[in-house]
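S.K.: Have a look at this one before I ask anything.
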Amino acid sequence: MSSGCSMRPERGTAMDEPQDAIPEGWRDRPEPSDDAPEPEDARPDPGPQPEDARPESEPQGTTTGRRVMLTVLALLAVPAALAGWILLPGEPSHDRPAAPSATPTTPAAPEHRPDLTTPDRLRTLVADLKRRTGGTEVVFLHVSAGHASATVRLPGDTSDKPFESHTFQSGKGWSSYRSHGGSDGDERIPEDLSKIDWNILEELYPEVDEKLALPGRPERTLTLKAGLNGDRYDLPFEVRDTPAELSVELNDGTRIGWVEARTNGAITKVNLPVQYAFSPRPGSRPGPLTSRGQVR
């Protein structure tokens with residue numbers, strides 16, 4: 001070899017080209033032809049796409065429409081649930097809300113109940129009392145238009161409450177409770193109600209109305225007290241028993257008077273009406289009370 005020979009390879013060989021001038025893998029790539037598709041990385045970036053071309057999110061109109069539909073369905077479900085609750089079988093009728101009525105309702109007329117102080121009603125009360133107690137003997141009887149009470153001695157009872165009070169109220173019926181019998185119940189001789197002729201009241205009531213002369217329709221109350229035992233006092237001489245006593249009372253709300261009579265209807269005492277202490281006399285200023293117990 002001569003010293004003038006060069007060791008560089010000839011131009012045009014692979015070793016003569018710089019390594020960074022040709023990308024790796026590009027050397028063996030075939031030449032593009034006019035019919036071949038363009039590579040993906042060779043396509044130009046189309047830039048930002050319009051809103052309706054984005055597949056990642058839903059259109060705004062669709063989301064709003066869905067929310068409206070869900071709200072409507074929820075509102076429709078509430079009346080349906082209430083209707084199902086109202087129509088469930090077995091619910092008490094008073095627990096269900098009443099539908100408002102456009103037509104005003106007329107209040108029902110009060111039920112008429114017979115006066116308990118009449119002879120027929122008294123006989124019915126006596127029969128009821130016998131069914132309840134097994135007897136018709138009482139020490140006290142108190143009857144008004146819609147209320148009645150009777151005090152009965154319990155045979156052989158030695159307790160501190162040897163009496164039983166039976167009460168009847170119109171529209172509610174009978175009730176009973178143990179009692180002491182009043183301040184003088186032990187001193188009274190029980191009176192048999194079945195032996196009283198209650199028809200005497202048909203004549204007694206008009207006499208009471210005439211003697212007491214209260215205007216209008218005052219409230220009437222009938223009371224029976226059994227007679228007192230003459231031996232109630234430990235006296236060295238004999239004391240007679242007192243007979244049973246009837247009392248018919250009239251009360252107009254401002255004045256009260258009563259008439260006393262025997263169980264045969266004979267009047268024994270007239271107590272003229274007196275003014276209530278808390279009620280002024282009609283047409284005048286309140287004055288002193290009229291004496292009670294005036295006999296006519």
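Starting from 1 in every chain, residues are counted up; chains themselves are A, B, ... following the order of the structure tokens, and ligands are numbered from 1 as listed.
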Could you give me, as number ranges by chain, each residue of region 152-273 of chain A that DSSP assigns to strand (DSSP E or B) when run on this structure's backbone?
M.R.: A: 152-153, 163-169, 173-179, 188, 191-192, 219-225, 228, 245-251, 255-261, 267-273
S.K.: Which distance in Å separates CA of Glu164 (chain A) and CA of Arg178 (chain A), to one decimal?
M.R.: 4.5 Å
S.K.: List as a list in words the protein and nucleic acid residues near region 182-197 of chain A, meaning an atom at most 6 Å away when only C-alpha atoms are counted, but skip any in the same chain fewer than 4 places from it.
M.R.: Thr136, Glu137, Val138, Val139, Ala226, Gly227, Leu228, Asn229 and Arg232 of chain A
S.K.: Output the selection as a tab-separated table (two decimals), in the first residue's frame - C-alpha atoms for each residue.
M.R.:
```
chain	number	residue	atom	x	y	z
A	136	THR	CA	-135.93	-2.21	95.95
A	137	GLU	CA	-135.17	-0.78	99.42
A	138	VAL	CA	-133.22	2.49	99.58
A	139	VAL	CA	-132.32	5.11	102.15
A	226	ALA	CA	-136.20	7.12	104.24
A	227	GLY	CA	-137.64	7.62	107.74
A	228	LEU	CA	-135.41	7.99	110.77
A	229	ASN	CA	-135.21	5.27	113.41
A	232	ARG	CA	-131.18	6.34	117.05
```
S.K.: As an exercise, work out the distance from CA of Gly257 (chain A) to CA of Leu201 (chain A) in Å and give it to one decimal place.
M.R.: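 Going from CA of Gly257 (chain A) over to CA of Leu201 (chain A), I get 17.2 Å.
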